[in-house]
$ cat final29.tsv   # TSV, C-alpha atoms and all ligand atoms
chain	number	residue	atom	x	y	z
A	657	MET	CA	-0.39	-28.08	-29.10
A	658	PRO	CA	3.31	-27.85	-30.00
A	659	PHE	CA	5.40	-26.16	-27.33
A	660	PRO	CA	5.78	-22.46	-28.21
A	661	PRO	CA	9.28	-21.38	-29.28
A	662	PRO	CA	11.51	-19.45	-26.88
A	663	LEU	CA	11.04	-15.66	-26.97
A	664	TYR	CA	14.04	-13.40	-27.47
A	665	PHE	CA	13.44	-9.73	-26.58
A	666	SER	CA	16.05	-7.17	-27.58
A	667	ASN	CA	16.58	-3.49	-28.43
A	668	ALA	CA	15.59	-2.27	-24.97
A	669	THR	CA	16.86	-1.09	-21.61
A	670	ALA	CA	16.06	-3.75	-19.03
A	671	ILE	CA	14.84	-2.60	-15.61
A	672	LEU	CA	16.25	-4.74	-12.81
A	673	PRO	CA	15.54	-4.10	-9.10
A	674	ASP	CA	18.98	-2.58	-8.56
A	675	ARG	CA	20.13	-1.34	-11.97
A	676	LEU	CA	19.36	-0.77	-15.62
A	677	ILE	CA	20.96	-2.82	-18.39
A	678	GLU	CA	21.37	-0.78	-21.57
A	679	ASP	CA	21.05	-2.62	-24.89
A	680	ALA	CA	19.71	-5.67	-23.09
A	681	ALA	CA	18.26	-8.98	-24.21
A	682	LEU	CA	15.84	-11.28	-22.41
A	683	LEU	CA	15.20	-14.92	-23.18
A	684	ALA	CA	12.01	-16.65	-22.06
A	685	GLU	CA	11.17	-20.31	-22.49
A	686	GLY	CA	8.35	-22.51	-21.23
A	687	GLY	CA	6.71	-19.54	-19.51
A	688	ARG	CA	9.81	-18.72	-17.46
A	689	ILE	CA	12.63	-16.23	-17.80
A	690	LYS	CA	15.79	-18.09	-18.84
A	691	ALA	CA	18.23	-15.19	-18.89
A	692	VAL	CA	18.46	-11.41	-18.98
A	693	ASP	CA	21.74	-9.72	-19.82
A	694	ALA	CA	23.50	-7.30	-22.11
A	695	ARG	CA	22.67	-8.29	-25.70
A	696	ALA	CA	26.35	-8.87	-26.46
A	697	ALA	CA	26.45	-11.50	-23.72
A	698	LEU	CA	23.14	-13.14	-24.61
A	699	PRO	CA	22.85	-13.99	-28.32
A	700	CYS	CA	19.58	-15.13	-29.85
A	701	PRO	CA	19.40	-18.95	-29.86
A	702	ALA	CA	18.41	-20.74	-33.06
A	703	GLY	CA	14.65	-21.22	-33.35
A	704	ALA	CA	13.71	-18.44	-30.93
A	705	GLU	CA	11.06	-15.89	-31.87
A	706	ARG	CA	12.63	-12.42	-31.99
A	707	ILE	CA	10.73	-9.52	-30.42
A	708	ASP	CA	12.01	-6.01	-31.10
A	709	ALA	CA	11.29	-3.79	-28.09
A	710	GLY	CA	11.71	-0.68	-30.23
A	711	GLY	CA	14.33	1.05	-28.10
A	712	GLY	CA	12.03	1.23	-25.04
A	713	TYR	CA	12.20	-0.54	-21.71
A	714	LEU	CA	11.71	-4.14	-20.68
A	715	GLY	CA	10.27	-4.18	-17.18
A	716	PRO	CA	8.83	-6.68	-14.73
A	717	GLY	CA	5.05	-7.11	-14.68
A	718	TYR	CA	3.63	-5.05	-11.83
A	719	LEU	CA	1.86	-6.27	-8.70
A	720	ASP	CA	-1.01	-4.36	-7.13
A	721	ILE	CA	-2.08	-5.33	-3.62
A	722	HIS	CA	-4.65	-2.55	-3.20
A	723	VAL	CA	-7.05	-2.16	-6.10
A	724	HIS	CA	-10.84	-1.93	-6.17
A	725	GLY	CA	-11.73	-1.95	-9.84
A	726	GLY	CA	-11.49	-0.42	-13.30
A	727	ALA	CA	-13.22	-0.20	-16.68
A	728	GLY	CA	-16.56	0.44	-14.98
A	729	ALA	CA	-16.38	-2.59	-12.67
A	730	ASP	CA	-15.67	-2.88	-8.93
A	731	PHE	CA	-14.56	-6.23	-7.49
A	732	MET	CA	-17.33	-5.76	-4.93
A	733	ASP	CA	-19.92	-6.00	-7.71
A	734	GLY	CA	-19.44	-9.65	-6.89
A	735	THR	CA	-19.69	-11.20	-10.36
A	736	ALA	CA	-17.05	-13.02	-12.40
A	737	GLU	CA	-17.82	-10.62	-15.25
A	738	ALA	CA	-16.92	-7.60	-13.10
A	739	VAL	CA	-13.74	-9.27	-11.85
A	740	ARG	CA	-12.65	-10.04	-15.43
A	741	ALA	CA	-13.35	-6.47	-16.57
A	742	ALA	CA	-11.30	-4.92	-13.75
A	743	VAL	CA	-8.46	-7.42	-14.17
A	744	GLY	CA	-8.35	-6.72	-17.92
A	745	CYS	CA	-8.24	-2.99	-17.29
A	746	HIS	CA	-5.26	-3.22	-14.93
A	747	THR	CA	-3.44	-5.62	-17.22
A	748	ARG	CA	-3.50	-2.89	-19.87
A	749	HIS	CA	-1.70	-0.69	-17.32
A	750	GLY	CA	1.03	-3.25	-16.67
A	751	THR	CA	-0.31	-5.17	-13.66
A	752	THR	CA	0.29	-8.91	-14.11
A	753	THR	CA	-0.34	-10.03	-10.51
A	754	ILE	CA	-3.38	-8.60	-8.78
A	755	PHE	CA	-4.98	-8.73	-5.34
A	756	PRO	CA	-8.65	-7.70	-5.74
A	757	THR	CA	-9.56	-5.64	-2.70
A	758	THR	CA	-12.78	-5.61	-0.68
A	759	THR	CA	-14.50	-2.44	0.50
A	760	THR	CA	-16.92	-2.19	3.39
A	761	GLY	CA	-20.11	-4.10	2.64
A	762	SER	CA	-22.52	-6.69	3.90
A	763	ARG	CA	-21.37	-10.19	4.75
A	764	GLU	CA	-23.15	-11.42	1.65
A	765	GLN	CA	-21.42	-8.86	-0.59
A	766	ILE	CA	-18.00	-9.86	0.72
A	767	ARG	CA	-18.77	-13.56	0.30
A	768	ALA	CA	-19.93	-12.94	-3.29
A	769	MET	CA	-16.74	-11.01	-4.06
A	770	LEU	CA	-14.56	-13.85	-2.77
A	771	GLU	CA	-16.55	-16.39	-4.76
A	772	ALA	CA	-16.31	-14.35	-7.97
A	773	CYS	CA	-12.54	-13.97	-7.53
A	774	ARG	CA	-12.19	-17.70	-6.94
A	775	GLU	CA	-14.17	-18.48	-10.09
A	776	VAL	CA	-11.99	-16.20	-12.22
A	777	ARG	CA	-8.76	-17.43	-10.65
A	778	ASP	CA	-9.68	-21.07	-11.18
A	779	GLY	CA	-10.56	-20.56	-14.85
A	780	TRP	CA	-7.62	-18.31	-15.57
A	781	ALA	CA	-5.18	-18.59	-18.49
A	782	PRO	CA	-2.17	-16.30	-19.17
A	783	ALA	CA	-3.73	-14.72	-22.28
A	784	GLN	CA	-6.43	-13.23	-20.01
A	785	GLY	CA	-3.82	-11.06	-18.31
A	786	ALA	CA	-3.16	-10.46	-14.63
A	787	ARG	CA	-3.20	-13.50	-12.37
A	788	ILE	CA	-5.22	-13.25	-9.17
A	789	ALA	CA	-2.63	-14.13	-6.52
A	790	GLY	CA	-5.04	-13.55	-3.68
A	791	VAL	CA	-7.69	-11.25	-2.30
A	792	HIS	CA	-6.98	-8.26	-0.09
A	793	PHE	CA	-9.56	-8.51	2.71
A	794	TYR	CA	-9.60	-4.74	3.29
A	795	GLY	CA	-13.05	-3.59	4.38
A	796	PRO	CA	-15.14	-3.90	6.56
A	797	TYR	CA	-13.05	-3.67	9.77
A	798	PHE	CA	-12.37	0.06	9.73
A	799	ALA	CA	-12.58	2.63	12.53
A	800	ALA	CA	-15.88	4.52	12.24
A	801	PRO	CA	-14.33	8.02	12.15
A	802	LYS	CA	-11.90	6.97	9.39
A	803	VAL	CA	-14.24	5.15	7.02
A	804	GLY	CA	-13.52	7.71	4.27
A	805	CYS	CA	-15.25	7.12	0.97
A	806	HIS	CA	-16.52	3.65	1.98
A	807	ASN	CA	-20.19	3.08	2.78
A	808	PRO	CA	-20.39	3.52	6.59
A	809	ALA	CA	-23.33	1.08	6.78
A	810	GLY	CA	-20.97	-1.70	5.68
A	811	ARG	CA	-18.38	-1.03	8.41
A	812	ARG	CA	-18.18	-3.28	11.48
A	813	ASP	CA	-15.86	-4.48	14.21
A	814	PRO	CA	-13.94	-7.71	13.55
A	815	ASP	CA	-16.27	-10.70	13.53
A	816	SER	CA	-14.32	-13.85	14.20
A	817	ALA	CA	-16.78	-16.18	12.43
A	818	GLU	CA	-16.79	-13.95	9.35
A	819	TYR	CA	-13.03	-13.56	8.93
A	820	ARG	CA	-12.27	-17.16	9.79
A	821	ALA	CA	-14.66	-18.25	7.04
A	822	ALA	CA	-13.01	-15.80	4.62
A	823	PHE	CA	-9.51	-17.04	5.53
A	824	GLU	CA	-10.76	-20.63	5.23
A	825	THR	CA	-11.30	-20.09	1.48
A	826	GLY	CA	-7.50	-19.85	1.10
A	827	LEU	CA	-7.98	-16.79	-1.10
A	828	VAL	CA	-7.07	-14.05	1.35
A	829	LYS	CA	-3.38	-13.07	1.17
A	830	VAL	CA	-3.53	-9.51	2.50
A	831	ALA	CA	-5.70	-8.70	5.52
A	832	THR	CA	-6.55	-5.29	6.97
A	833	CYS	CA	-8.01	-4.34	10.34
A	834	ALA	CA	-7.90	-0.99	12.15
A	835	ALA	CA	-5.61	-1.54	15.14
A	836	GLU	CA	-7.87	0.10	17.74
A	837	LEU	CA	-10.85	-2.20	17.16
A	838	PRO	CA	-11.84	-4.87	19.70
A	839	GLY	CA	-10.56	-8.29	18.68
A	840	VAL	CA	-7.75	-6.97	16.47
A	841	GLU	CA	-5.14	-9.24	18.04
A	842	ASP	CA	-7.00	-12.44	17.20
A	843	PHE	CA	-7.59	-11.12	13.67
A	844	CYS	CA	-3.86	-10.43	13.22
A	845	ARG	CA	-2.75	-13.78	14.67
A	846	GLU	CA	-5.24	-15.71	12.56
A	847	ALA	CA	-4.26	-13.84	9.36
A	848	ARG	CA	-0.57	-14.26	10.11
A	849	LYS	CA	-1.05	-17.98	10.67
A	850	ARG	CA	-2.51	-18.19	7.13
A	851	GLY	CA	0.53	-16.43	5.69
A	852	CYS	CA	-1.20	-13.09	5.03
A	853	LEU	CA	0.48	-9.71	4.98
A	854	VAL	CA	-1.38	-8.14	7.91
A	855	THR	CA	-2.10	-4.46	7.64
A	856	CYS	CA	-3.76	-1.58	9.46
A	857	GLY	CA	-5.85	0.94	7.56
A	858	HIS	CA	-8.69	3.42	7.92
A	859	SER	CA	-7.60	3.78	11.51
A	860	ASP	CA	-7.00	6.38	14.21
A	861	ALA	CA	-4.73	4.04	16.15
A	862	SER	CA	-2.23	5.21	18.74
A	863	TRP	CA	1.33	3.97	19.13
A	864	THR	CA	0.19	1.64	21.95
A	865	GLU	CA	-2.56	0.15	19.80
A	866	MET	CA	-0.15	-0.28	16.89
A	867	LYS	CA	2.37	-2.01	19.15
A	868	ARG	CA	-0.27	-4.48	20.34
A	869	ALA	CA	-1.25	-5.30	16.74
A	870	PHE	CA	2.42	-5.48	15.70
A	871	ASP	CA	3.07	-8.05	18.42
A	872	ALA	CA	0.17	-10.08	16.98
A	873	GLY	CA	1.66	-10.01	13.47
A	874	MET	CA	0.67	-6.73	11.80
A	875	ARG	CA	3.45	-5.49	9.49
A	876	HIS	CA	1.98	-2.95	7.06
A	877	VAL	CA	-0.12	0.21	6.90
A	878	ASP	CA	-2.46	1.00	4.00
A	879	HIS	CA	-2.09	4.17	1.88
A	880	PHE	CA	0.31	6.21	4.02
A	881	TRP	CA	-1.06	9.59	5.18
A	882	CYS	CA	-4.56	8.75	3.91
A	883	ALA	CA	-7.30	7.79	6.41
A	884	MET	CA	-4.78	7.19	9.19
A	885	SER	CA	-3.89	8.65	12.57
A	886	SER	CA	-1.54	11.57	13.18
A	887	VAL	CA	-0.19	13.24	16.30
A	888	PRO	CA	-2.92	15.94	16.08
A	889	SER	CA	-5.71	13.35	15.54
A	890	LEU	CA	-4.56	11.47	18.65
A	891	ARG	CA	-4.42	14.68	20.64
A	892	GLU	CA	-8.12	15.00	19.88
A	893	ARG	CA	-8.69	11.42	21.06
A	894	PHE	CA	-6.53	11.45	24.18
A	895	GLY	CA	-5.37	15.01	24.97
A	896	THR	CA	-1.84	15.41	26.27
A	897	PRO	CA	0.84	14.17	26.44
A	898	MET	CA	0.69	14.01	22.68
A	899	GLN	CA	1.12	10.45	21.42
A	900	GLY	CA	2.90	8.69	18.62
A	901	SER	CA	0.63	7.78	15.71
A	902	MET	CA	0.64	5.27	12.86
A	903	GLU	CA	3.00	7.61	11.03
A	904	GLN	CA	5.69	7.53	13.73
A	905	PHE	CA	5.19	3.82	14.29
A	906	VAL	CA	5.83	3.00	10.63
A	907	LEU	CA	8.82	5.31	10.36
A	908	ARG	CA	10.33	3.98	13.60
A	909	HIS	CA	10.06	0.24	12.86
A	910	GLU	CA	12.14	-1.19	10.08
A	911	GLU	CA	9.91	-4.26	9.82
A	912	MET	CA	6.85	-2.15	9.04
A	913	SER	CA	6.11	-1.50	5.37
A	914	THR	CA	3.61	0.87	3.84
A	915	GLU	CA	2.32	2.01	0.48
A	916	VAL	CA	1.65	5.25	-1.37
A	917	ILE	CA	-0.89	6.17	-4.02
A	918	ALA	CA	1.62	7.82	-6.34
A	919	ASP	CA	-0.84	9.54	-8.67
A	920	GLY	CA	0.60	12.95	-7.73
A	921	ILE	CA	-2.85	14.07	-6.52
A	922	HIS	CA	-3.25	12.20	-3.23
A	923	LEU	CA	0.29	13.15	-2.14
A	924	ALA	CA	2.57	15.96	-3.29
A	925	PRO	CA	5.92	14.97	-4.83
A	926	GLU	CA	7.84	15.86	-1.66
A	927	LEU	CA	5.81	13.37	0.37
A	928	LEU	CA	6.41	10.63	-2.20
A	929	GLU	CA	10.14	11.38	-2.09
A	930	TYR	CA	10.10	11.57	1.71
A	931	ALA	CA	8.33	8.21	2.08
A	932	HIS	CA	10.89	6.61	-0.24
A	933	PHE	CA	13.78	8.25	1.64
A	934	MET	CA	12.48	7.22	5.07
A	935	LYS	CA	11.34	3.65	4.36
A	936	GLY	CA	13.53	2.71	1.39
A	937	PRO	CA	12.43	0.74	-1.67
A	938	GLN	CA	12.17	-2.55	0.25
A	939	ARG	CA	9.55	-1.22	2.66
A	940	LEU	CA	7.59	1.21	0.52
A	941	LEU	CA	5.38	-0.06	-2.25
A	942	LEU	CA	3.12	1.51	-4.84
A	943	VAL	CA	-0.60	0.80	-5.05
A	944	THR	CA	-3.19	2.20	-7.41
A	945	ASP	CA	-6.08	2.05	-4.89
A	946	ALA	CA	-7.98	2.37	-8.15
A	947	ASN	CA	-11.76	2.37	-8.39
A	948	ARG	CA	-14.13	1.54	-11.24
A	949	ALA	CA	-13.57	4.90	-12.98
A	950	VAL	CA	-10.18	3.88	-14.44
A	951	ASP	CA	-10.33	4.27	-18.24
A	952	MET	CA	-13.86	5.62	-17.96
A	953	PRO	CA	-15.08	9.10	-18.88
A	954	PRO	CA	-15.34	11.74	-16.14
A	955	GLY	CA	-18.61	11.39	-14.25
A	956	ARG	CA	-20.39	10.00	-11.21
A	957	TYR	CA	-19.69	6.43	-10.05
A	958	ARG	CA	-20.22	4.18	-7.05
A	959	PHE	CA	-17.25	3.23	-4.87
A	960	GLY	CA	-17.67	-0.43	-3.87
A	961	PRO	CA	-20.77	-2.48	-4.72
A	962	ALA	CA	-22.80	-1.30	-7.73
A	963	SER	CA	-26.00	-1.65	-5.68
A	964	ASP	CA	-25.23	0.55	-2.67
A	965	GLY	CA	-21.65	1.87	-2.79
A	966	GLU	CA	-21.08	5.52	-1.97
A	967	TRP	CA	-21.26	7.93	-4.89
A	968	PHE	CA	-18.12	9.79	-5.95
A	969	GLU	CA	-17.01	11.83	-8.92
A	970	SER	CA	-14.11	11.25	-11.25
A	971	ASP	CA	-12.52	14.04	-13.26
A	972	GLY	CA	-10.32	11.52	-15.05
A	973	LYS	CA	-7.39	12.29	-12.72
A	974	VAL	CA	-8.70	11.22	-9.29
A	975	GLY	CA	-11.86	10.19	-7.48
A	976	PHE	CA	-13.40	12.69	-5.04
A	977	GLN	CA	-16.50	13.38	-3.00
A	978	PRO	CA	-17.31	17.08	-3.25
A	979	GLY	CA	-17.00	18.64	0.21
A	980	HIS	CA	-15.46	15.49	1.72
A	981	GLY	CA	-12.16	14.80	0.00
A	982	LEU	CA	-10.52	12.26	-2.22
A	983	ALA	CA	-12.12	8.92	-3.03
A	984	SER	CA	-9.26	6.73	-4.31
A	985	GLY	CA	-7.38	6.59	-7.59
A	986	VAL	CA	-8.42	6.40	-11.23
A	987	VAL	CA	-5.08	5.65	-12.90
A	988	GLY	CA	-3.08	2.45	-13.34
A	989	MET	CA	0.24	1.15	-12.01
A	990	ASP	CA	2.09	2.36	-15.12
A	991	ALA	CA	1.25	5.93	-14.06
A	992	MET	CA	2.30	5.26	-10.44
A	993	VAL	CA	5.76	4.04	-11.48
A	994	ALA	CA	6.24	6.85	-13.99
A	995	ARG	CA	5.19	9.55	-11.49
A	996	MET	CA	7.29	8.11	-8.67
A	997	HIS	CA	10.24	8.39	-11.06
A	998	ARG	CA	9.44	11.68	-12.78
A	999	LEU	CA	7.61	13.69	-10.08
A	1000	ALA	CA	9.38	12.40	-6.99
A	1001	GLY	CA	12.81	11.93	-8.56
A	1002	VAL	CA	13.12	8.32	-7.43
A	1003	SER	CA	15.45	6.22	-9.61
A	1004	LEU	CA	13.73	4.06	-12.22
A	1005	PRO	CA	14.95	0.75	-10.71
A	1006	ASP	CA	13.58	1.82	-7.30
A	1007	ALA	CA	10.28	3.10	-8.71
A	1008	ALA	CA	9.71	-0.10	-10.68
A	1009	ARG	CA	10.80	-2.23	-7.70
A	1010	MET	CA	8.16	-0.60	-5.52
A	1011	GLY	CA	5.53	-1.65	-8.05
A	1012	SER	CA	6.84	-5.19	-8.49
A	1013	LEU	CA	9.47	-6.88	-6.31
A	1014	THR	CA	8.56	-5.12	-3.06
A	1015	PRO	CA	4.87	-6.15	-3.09
A	1016	ALA	CA	5.99	-9.64	-4.19
A	1017	GLU	CA	8.34	-9.87	-1.20
A	1018	ARG	CA	5.76	-8.57	1.24
A	1019	THR	CA	3.18	-11.10	0.07
A	1020	GLY	CA	5.66	-13.99	-0.01
A	1021	ILE	CA	5.67	-14.67	-3.77
A	1022	ALA	CA	8.99	-13.10	-4.78
A	1023	GLY	CA	10.39	-16.49	-5.76
A	1024	GLU	CA	7.87	-16.59	-8.62
A	1025	VAL	CA	7.24	-13.00	-9.72
A	1026	GLY	CA	8.34	-9.42	-9.17
A	1027	SER	CA	11.53	-9.03	-11.20
A	1028	LEU	CA	13.22	-9.93	-14.46
A	1029	GLU	CA	15.24	-12.79	-13.08
A	1030	ALA	CA	16.10	-16.24	-14.42
A	1031	GLY	CA	13.67	-18.86	-13.13
A	1032	LYS	CA	10.76	-16.51	-12.45
A	1033	ARG	CA	7.57	-16.43	-14.51
A	1034	ALA	CA	8.02	-14.55	-17.77
A	1035	ASP	CA	5.72	-11.66	-16.77
A	1036	VAL	CA	7.33	-9.01	-18.94
A	1037	LEU	CA	6.28	-5.48	-19.91
A	1038	MET	CA	7.39	-3.68	-23.04
A	1039	LEU	CA	7.34	0.03	-22.18
A	1040	ASP	CA	8.10	3.08	-24.27
A	1041	ARG	CA	10.61	5.71	-23.12
A	1042	GLU	CA	7.77	7.50	-21.25
A	1043	LEU	CA	7.08	4.23	-19.35
A	1044	ALA	CA	3.69	3.78	-21.04
A	1045	VAL	CA	2.75	0.12	-21.58
A	1046	ARG	CA	3.08	-1.09	-25.17
A	1047	ARG	CA	2.83	-4.90	-24.88
A	1048	VAL	CA	2.26	-7.26	-21.95
A	1049	PHE	CA	3.45	-10.87	-21.63
A	1050	VAL	CA	2.20	-13.14	-18.88
A	1051	GLU	CA	4.11	-16.41	-18.46
A	1052	GLY	CA	5.57	-15.70	-21.89
A	1053	VAL	CA	2.15	-15.38	-23.54
A	1054	GLU	CA	1.27	-12.02	-25.06
A	1055	VAL	CA	-1.98	-10.59	-23.71
A	1056	PRO	CA	-4.01	-9.43	-26.73
A	1057	GLY	CA	-5.69	-6.04	-26.86
A	1058	VAL	CA	-3.25	-4.10	-24.69
B	1101	ZN	ZN	-8.63	3.09	1.80
B	1102	ZN	ZN	-8.73	1.45	-1.07

$ encode --input "final29.tsv" --output "structure tokens" --more "lines below"
Ligand SMILES: [Zn+2]
Ligand SMILES: [Zn+2]
Amino acid sequence: MPFPPPLYFSNATAILPDRLIEDAALLAEGGRIKAVDARAALPCPAGAERIDAGGGYLGPGYLDIHVHGGAGADFMDGTAEAVRAAVGCHTRHGTTTIFPTTTTGSREQIRAMLEACREVRDGWAPAQGARIAGVHFYGPYFAAPKVGCHNPAGRRDPDSAEYRAAFETGLVKVATCAAELPGVEDFCREARKRGCLVTCGHSDASWTEMKRAFDAGMRHVDHFWCAMSSVPSLRERFGTPMQGSMEQFVLRHEEMSTEVIADGIHLAPELLEYAHFMKGPQRLLLVTDANRAVDMPPGRYRFGPASDGEWFESDGKVGFQPGHGLASGVVGMDAMVARMHRLAGVSLPDAARMGSLTPAERTGIAGEVGSLEAGKRADVLMLDRELAVRRVFVEGVEVPGV
């Protein structure tokens, strides 16, 4: 096959991590970004294929480190077909690097999920869309009172043989364990040793428990303010004196990062703005926490495995369990970035950074992806002025059917 010609994008505002470039141009060659600059400073080379971005935005492909499914499929369905369906769905919403995320489930269900993700990753080509950069080993090590919309039967305390085998696959790049569970320190040390971003979620942990996990390598907390401890929840656990919770621990420690589900339904705009103000765009990232109901009609779906996941309802805006509360997101990363910008008033470079460069930095792959920067993979989004995805390029190859 002859080498494809360089791509020259123009007629757009480019979104960089720290600024916008009006009337920008971007040159990609051999699957990599060669240059991005003002059009006047970056003329179209002879032989390049010109792509008119129609006066919209050129943005970096998004990364999602916390995502369960989409288009009717959950990664925990455990088949390559389900993984491909969910990956395709999120690609259409601008995600070009994805970390399929486990729920609670049996050992066999988690093994099958890892195997299906490995199969899809190994057979992957850019035209298929988002690249699987790793799995987020999220469930099953949650605190029982904070299991949320996950199937409680699939929750357990950390099992060293199980997580070592999972880490041994080399697939796990983000690893979650509630910080109050027995054995959390070994889990954190082992995950850290493998280069994972180690995180605490679905937890009622105290400051002391967080500190112990932090010393063992934990550096992140899943979906801030959702299924986590608070000063009042710890007062119920321990009485007085009232104790610092996950919330205070994250806000107090610069090294700790966290994430928000910025669909505007899980958290009000002032909390999105507050999280950005307190942690800054280098320590706060956006996640969809999306389930299988993304791009599906309103109705009743299973969260997690198709066989025995908990039932929830989607109204097309969010997942919920009547009488219990919310049950994760049903919109893509394009909506997260747009709402962080429009609802919470965060600048566009910061909002896009939190959906791209920040998760890339936290997972150790920012040298390859996460921003429109010379040398990185040409994972490029063409967005309209409303930030809706128009065309998606992965390593300089357009993904069809977006
Ligand atoms: Zn969760
Ligand atoms: Zn989740």

$ closest_atom_pairs --input "final29.tsv" --of "stretch 814-847 of chain A" --to "stretch 770-787 of chain A" --cutoff "10 Å" --atoms "all atoms listed in the file" --output "JSON lines"
{"residue": "A:Ala822", "atom": "CA", "partner": "A:Leu770", "partner_atom": "CA", "distance": 7.8}
{"residue": "A:Thr825", "atom": "CA", "partner": "A:Leu770", "partner_atom": "CA", "distance": 8.2}
{"residue": "A:Gly826", "atom": "CA", "partner": "A:Arg774", "partner_atom": "CA", "distance": 9.6}
{"residue": "A:Leu827", "atom": "CA", "partner": "A:Arg774", "partner_atom": "CA", "distance": 7.3}
{"residue": "A:Val828", "atom": "CA", "partner": "A:Leu770", "partner_atom": "CA", "distance": 8.6}

$ closest_atom_pairs --input "final29.tsv" --of "chain A" --to "ligand ZN 1101 (chain B)" --cutoff "7 Å" --atoms "all atoms listed in the file" --output "tab-separated table"
residue	atom	partner	partner_atom	distance
A:Gly857	CA	B:ZN1101	ZN	6.7
A:His858	CA	B:ZN1101	ZN	6.1
A:Asp878	CA	B:ZN1101	ZN	6.9
A:His879	CA	B:ZN1101	ZN	6.6
A:Ala883	CA	B:ZN1101	ZN	6.7

$ atom_distance --input "final29.tsv" --atom1 "atom CA of A:Gly988" --atom2 "atom CA of A:His749"
5.3 Å

$ closest_residue --input "final29.tsv" --among "A:Ala727, A:Ala670, A:Ala694, A:Leu1043" --to "A:Tyr957" --atoms "all atoms listed in the file"
A:Ala727

$ residues_near_ligand --input "final29.tsv" --ligand "ligand ZN 1102 (chain B)" --cutoff "9 Å" --atoms "only C-alpha atoms and all ligand atoms" --output "list in words"
His722, Val723, His724, Thr757, Thr758, Thr759, Tyr794, Gly795, Cys805, His806, Asp878, His879, Thr944, Asp945, Ala946, Asn947, Ala983, Ser984 and Gly985 of chain A

$ atom_distance --input "final29.tsv" --atom1 "atom CA of A:Leu941" --atom2 "atom CA of A:Ser970"
24.3 Å

$ closest_residue --input "final29.tsv" --among "A:Val830, A:Val692, A:Leu907, A:Met769" --to "A:Asp730" --atoms "all atoms listed in the file"
A:Met769

$ residues_around --input "final29.tsv" --residues "A:Ala1022" --least-positions-apart "2" --cutoff "12 Å" --atoms "only C-alpha atoms" --output "list of chain:residue names"
A:Pro673, A:Pro716, A:Tyr718, A:Leu719, A:Thr753, A:Ala789, A:Arg1009, A:Ser1012, A:Leu1013, A:Thr1014, A:Pro1015, A:Ala1016, A:Glu1017, A:Arg1018, A:Thr1019, A:Gly1020, A:Glu1024, A:Val1025, A:Gly1026, A:Ser1027, A:Leu1028, A:Glu1029, A:Gly1031, A:Lys1032, A:Arg1033

$ closest_residue --input "final29.tsv" --among "A:Thr896, A:Ser901, A:Ser913, A:Gln765" --to "A:Met934" --atoms "all atoms listed in the file"
A:Ser913

$ atom_distance --input "final29.tsv" --atom1 "atom CA of A:Leu853" --atom2 "atom CA of A:Ile788"
15.7 Å

$ residues_around --input "final29.tsv" --residues "A:Glu824" --least-positions-apart "2" --cutoff "12 Å" --atoms "all atoms listed in the file" --output "list of chain:residue names"
A:Arg767, A:Leu770, A:Ser816, A:Ala817, A:Glu818, A:Tyr819, A:Arg820, A:Ala821, A:Ala822, A:Gly826, A:Leu827, A:Val828, A:Lys829, A:Glu846, A:Ala847, A:Lys849, A:Arg850

$ residues_around --input "final29.tsv" --residues "stretch 925-933 of chain A" --least-positions-apart "6" --cutoff "12 Å" --atoms "all atoms listed in the file" --output "number ranges by chain"
A: 879-882, 903-904, 906-907, 913-919, 939-942, 992-993, 995-1003, 1006-1007, 1009-1010

$ residues_around --input "final29.tsv" --residues "A:Ala741" --least-positions-apart "2" --cutoff "8 Å" --atoms "all atoms listed in the file" --output "number ranges by chain"
A: 726-729, 737-739, 743-745

$ residues_near_point --input "final29.tsv" --point "(-15.2, 8.7, 3.7)" --cutoff "9 Å" --atoms "all atoms listed in the file" --output "PDB file with C-alpha atoms, in the frame of the given file"
ATOM      1  CA  PRO A 801     -14.330   8.020  12.150  1.00  0.00           C
ATOM      2  CA  LYS A 802     -11.900   6.970   9.390  1.00  0.00           C
ATOM      3  CA  VAL A 803     -14.240   5.150   7.020  1.00  0.00           C
ATOM      4  CA  GLY A 804     -13.520   7.710   4.270  1.00  0.00           C
ATOM      5  CA  CYS A 805     -15.250   7.120   0.970  1.00  0.00           C
ATOM      6  CA  HIS A 806     -16.520   3.650   1.980  1.00  0.00           C
ATOM      7  CA  ASN A 807     -20.190   3.080   2.780  1.00  0.00           C
ATOM      8  CA  PRO A 808     -20.390   3.520   6.590  1.00  0.00           C
ATOM      9  CA  ALA A 883      -7.300   7.790   6.410  1.00  0.00           C
ATOM     10  CA  GLU A 966     -21.080   5.520  -1.970  1.00  0.00           C
ATOM     11  CA  GLN A 977     -16.500  13.380  -3.000  1.00  0.00           C
ATOM     12  CA  HIS A 980     -15.460  15.490   1.720  1.00  0.00           C
ATOM     13  CA  GLY A 981     -12.160  14.800   0.000  1.00  0.00           C
ATOM     14  CA  LEU A 982     -10.520  12.260  -2.220  1.00  0.00           C
ATOM     15  CA  ALA A 983     -12.120   8.920  -3.030  1.00  0.00           C
TER      16      ALA A 983
END

$ residues_around --input "final29.tsv" --residues "A:Gly711" --least-positions-apart "6" --cutoff "9 Å" --atoms "only C-alpha atoms" --output "PyMOL selection string"
chain A and resi 666-669+679+1040-1041

$ write_last_selection --input "final29.tsv" --atoms "C-alpha atoms" --output "PDB file, in the coordinates of the input"
ATOM      1  CA  SER A 666      16.050  -7.170 -27.580  1.00  0.00           C
ATOM      2  CA  ASN A 667      16.580  -3.490 -28.430  1.00  0.00           C
ATOM      3  CA  ALA A 668      15.590  -2.270 -24.970  1.00  0.00           C
ATOM      4  CA  THR A 669      16.860  -1.090 -21.610  1.00  0.00           C
ATOM      5  CA  ASP A 679      21.050  -2.620 -24.890  1.00  0.00           C
ATOM      6  CA  ASP A1040       8.100   3.080 -24.270  1.00  0.00           C
ATOM      7  CA  ARG A1041      10.610   5.710 -23.120  1.00  0.00           C
TER       8      ARG A1041
END
